[in-house]
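Chemist: Encoded as structure tokens, here's the structure I'll be asking about.
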Amino acid sequence: MKKILTFMFAVALLVSCQQEENETTPIDTDSRITIAPIITRATETNFENTDQIGVTITRSNDFVYAANKLMTFSDGVFTGDLLWYTEGNDESQIVAYYPYNSAGAPTSFTVKANQTDQATGYSASDLIAASKSGVLPSSNAVVMNFKHILTKLVINVENDTEFNLLSVALKGSVPTAAVDLAALSVTADENATATDITAQVVKANETYRAIVIPQTVAFTLEVATSDGKTLSQKLASTKLAQGGQYSVNVRVLPDDIIVTLNGEIENWTDEGEIGADNEVPFEEHLDENYFLYDGVKYNTVTLTNGTTWMAEPLIYLPKGLTPSTDPTADSHVWYPYEITAEGATVATTDEKAIKELGYLYDLQAAFGGKEITETNLTSFEGAQGICPKGWHIPTRLEYFNLVGKSTNDVDGKVPEDGDKALFYDTAYDGAKIPSLNDAGFNYQFSGVRMATSLTGAGSYQKTAIASDDKIQAAWHGKPAMNYYMTSTAFKPIYNSTSGLLTNIQFFGLMSTINTAKYPEGRLSLSYVSIKAGMQLRCVRD
């Protein structure tokens with residue numbers, strides 16, 4: 001069947017719709033039955049010559065006049081050897097279906113597991129049917145509306161790897177349905193074994209499609225790449241509508257796939273999109289100052305300026321990411337660390353320490369795997385990222401409204417009214433850490449996994465807070481430099497000689513602690529590489 005709807009077909013469709021109001025269309029024939037098809041739910045499909053349908057005619061007295069008679073499409077109509085009965089006032093019901101099956105009109109239909117081939121796979125899985133009652137014998141063609149009665153899925157792929165996609169499969173659906181052609185309905189066979197359906201390639205590495213049985217199902221999308229990897233993602237449970245088309249949009253990363261909910265919809269009937277089963281369990285109990293996220297309890301605090309913050313660091317691990325104890329590893333998530341008396345840094349995997357200090361995330365991990373580039377770096381402002389629903393990664397301004405001090409924008413400006421920030425201290429020209437803690441913020445010295453470029457090896461920052469009487473004893477030996485992440489971009493950095501991009505920087509909440517000037521710890525905003533690993537506190541929308 002043709003997959004391109006031309007302008008001429010659009011005109012023909014309009015004429016056909018007008019013809020249906022008059023029930024029949026004159027043709028040059030005697031008593032032979034002919035059918036003029038309209039496909040009302042296909043915006044990209046038309047019958048073409050040699051397509052075959054099966055036709056059953058049942059007269060008003062429930063007498064089956066013709067059963068599964070073959071008709072072939074030619075010059076706009078289906079014709080065959082079937083003749084009208086002579087009783088011209090006896091109405092009948094005509095039921096037709098595609099693709100034709102010589103064994104009989106289907107009462108059960110199974111889609112193909114391998115739909116990569118157009119004729120034997122994809123088209124053979126597309127059950128189309130039409131039913132019309134009250135038809136009288138006539139020399140005119142019977143106009144019938146053919147409808148897709150299964151479900152179509154279009155998988156739109158953004159391939160961020162250097163390898164080709166070998167296959168895209170949808171796993172876990174029932175492939176068989178009971179069929180009632182007269183009622184134009186199908187019902188998934190609950191006794192059938194779930195199977196994997198390999199989608200057809202529409203455009204390699206970009207677009208794939210498959211036809212499935214309407215049912216309530218949570219697919220697992222599986223992608224195989226030419227480097228030998230098989231990546232998978234469970235999709236959200238969805239009740240698939242008959243005749244509906246659904247979009248599944250997926251990014252393929254080197255070690256994972258991410259299903260998102262964006263993109264254009266091009267449907268048989270507009271049924272929307274299916275996303276990843278990424279709904280992380282989340283309960284808010286703000287009246288008791290906490291929430292539960294992925295089974296972990298986090299304390300919260302509502303400050304006097306009305307903003308509600310996490311009062312401890314995030315320790316949620318996105319799918320496919322594993323924290324590393326090695327700061328030189330480009331793992332996107334790292335364990336927190338301690339500084340030994342000898343000045344060495346040692347990652348800690350102790351659960352209690354992780355709960356207290358949080359994981360150290362780079363921005364790509366925090367933004368849910370989305371790559372940050374020199375062209376999109378400003379698009380992440382206020383992003384939810386891996387924060388729970390209704391919360392987001394703080395912006396520079398939200399932290400500025402707490403501490404009142406920041407380095408300049410790329411245009412040399414800073415936010416206004418820093419001296420009016422909630423915890424601003426004139427003597428420190430920023431905020432004192434104890435001021436935030438007195439308000440219930442619970443500042444933690446998690447340190448930072450530093451990175452000075454996009455390609456350089458990272459390292460834990462290892463300057464320890466001095467053991468000095470002017471500094472709180474509980475802070476002694478903890479990392480002196482700490483960064484809390486923001487979602488606000490600073491600028492890309494280029495090599496002055498080659499002009500090549502070497503780094504991308506975002507703003508972060510930075511600590512400065514020293515005996516001489518900031519013994520109570522100063523908090524201000526500076527910039528830091530997107531490759532750095534930082535503590536993340538989410539703030540409520």
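For the structure tokens, the naming scheme is as follows: chains receive sequential letters (A, B, ...) according to their order of presentation, residues are indexed from 1 within each chain, and ligands are indexed from 1 in presentation order.
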As number ranges by chain, please: the residues near Lys112 of chain A (cut-off 8 Å, only C-alpha atoms, same-chain neighbours under 4 positions excluded).
Modeler: A: 121-122, 124-125, 175, 197
Chemist: If we count only C-alpha atoms and set the cut-off at 10 Å, which residues sit around Gln364 of chain A, ignoring sequence neighbours fewer than 2 positions away in its own chain? Please answer as a ChimeraX atom specification.
Modeler: /A:332-333,361-362,366-372,385,530-531
Chemist: Where does DSSP see strand (DSSP E) in segment 234-378 of chain A, if you list the residues as a VMD selection string?
Modeler: chain A and resid 234 238 to 239 245 to 253 256 to 260 270 to 273 282 to 285 290 to 293 296 to 302 308 to 310 333 to 334 337 to 339 345 to 347 360 to 361
Chemist: Measure the distance from atom CA of Pro415 of chain A to atom CA of Thr378 of chain A in Å and round it to one decimal.
Modeler: 16.7 Å
Chemist: As a list in words, please: the residues near segment 416-423 of chain A (cut-off 10 Å, only C-alpha atoms, same-chain neighbours under 2 positions excluded).
Modeler: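 Result of the neighbour search: Leu303, Thr304, Asn305, Leu397, Glu398, Tyr399, Phe400, Asn401, Leu402, Val403, Gly404, Lys405, Ser406, Lys413, Val414, Asp425, Thr426, Asp429, Gly430, Ala431, Lys432, Ile433, Pro434, Ser435, Leu436, Ala439 and Leu523 of chain A.
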Chemist: Excluding Asn191 of chain A and any residue of its chain fewer than 3 positions from it, enumerate the residues within 10 Å of it, using only C-alpha atoms, and give them as a list in words.
Modeler: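 In the requested format, the answer is Val174, Thr176, Ala177, Ala188 and Ala194 of chain A.
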Chemist: Export N, CA and C atoms of the chosen residues as a PDB file, in the first residue's frame?
Modeler:
```pdb
ATOM      1  N   VAL A 174       1.111  -8.688  23.672  1.00  0.00           N
ATOM      2  CA  VAL A 174       0.365  -9.826  23.140  1.00  0.00           C
ATOM      3  C   VAL A 174       0.200  -9.616  21.632  1.00  0.00           C
ATOM      4  N   THR A 176      -1.695 -11.385  19.423  1.00  0.00           N
ATOM      5  CA  THR A 176      -2.900 -11.965  18.821  1.00  0.00           C
ATOM      6  C   THR A 176      -4.152 -11.332  19.410  1.00  0.00           C
ATOM      7  N   ALA A 177      -5.177 -11.179  18.565  1.00  0.00           N
ATOM      8  CA  ALA A 177      -6.447 -10.610  19.019  1.00  0.00           C
ATOM      9  C   ALA A 177      -7.609 -11.384  18.417  1.00  0.00           C
ATOM     10  N   ALA A 188      -7.557  -8.122  22.579  1.00  0.00           N
ATOM     11  CA  ALA A 188      -6.307  -8.850  22.781  1.00  0.00           C
ATOM     12  C   ALA A 188      -6.584 -10.207  23.425  1.00  0.00           C
ATOM     13  N   ALA A 194       3.132 -13.349  25.242  1.00  0.00           N
ATOM     14  CA  ALA A 194       3.731 -12.076  24.832  1.00  0.00           C
ATOM     15  C   ALA A 194       4.968 -12.340  23.980  1.00  0.00           C
TER      16      ALA A 194
END
```
Chemist: For atom CA of Leu292 of chain A and atom CA of Ala353 of chain A, quote the distance in Å rounded to one decimal.
Modeler: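 Atom-to-atom, atom CA of Leu292 of chain A and atom CA of Ala353 of chain A are spaced 19.0 Å apart.
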Chemist: Tell me which protein, DNA and RNA residues are within 10 Å of Leu314 of chain A, counting only C-alpha atoms, leaving out same-chain ones fewer than 6 positions away, and put them as a ChimeraX atom specification.
Modeler: /A:293,296,298,354-361,386-387,535-538
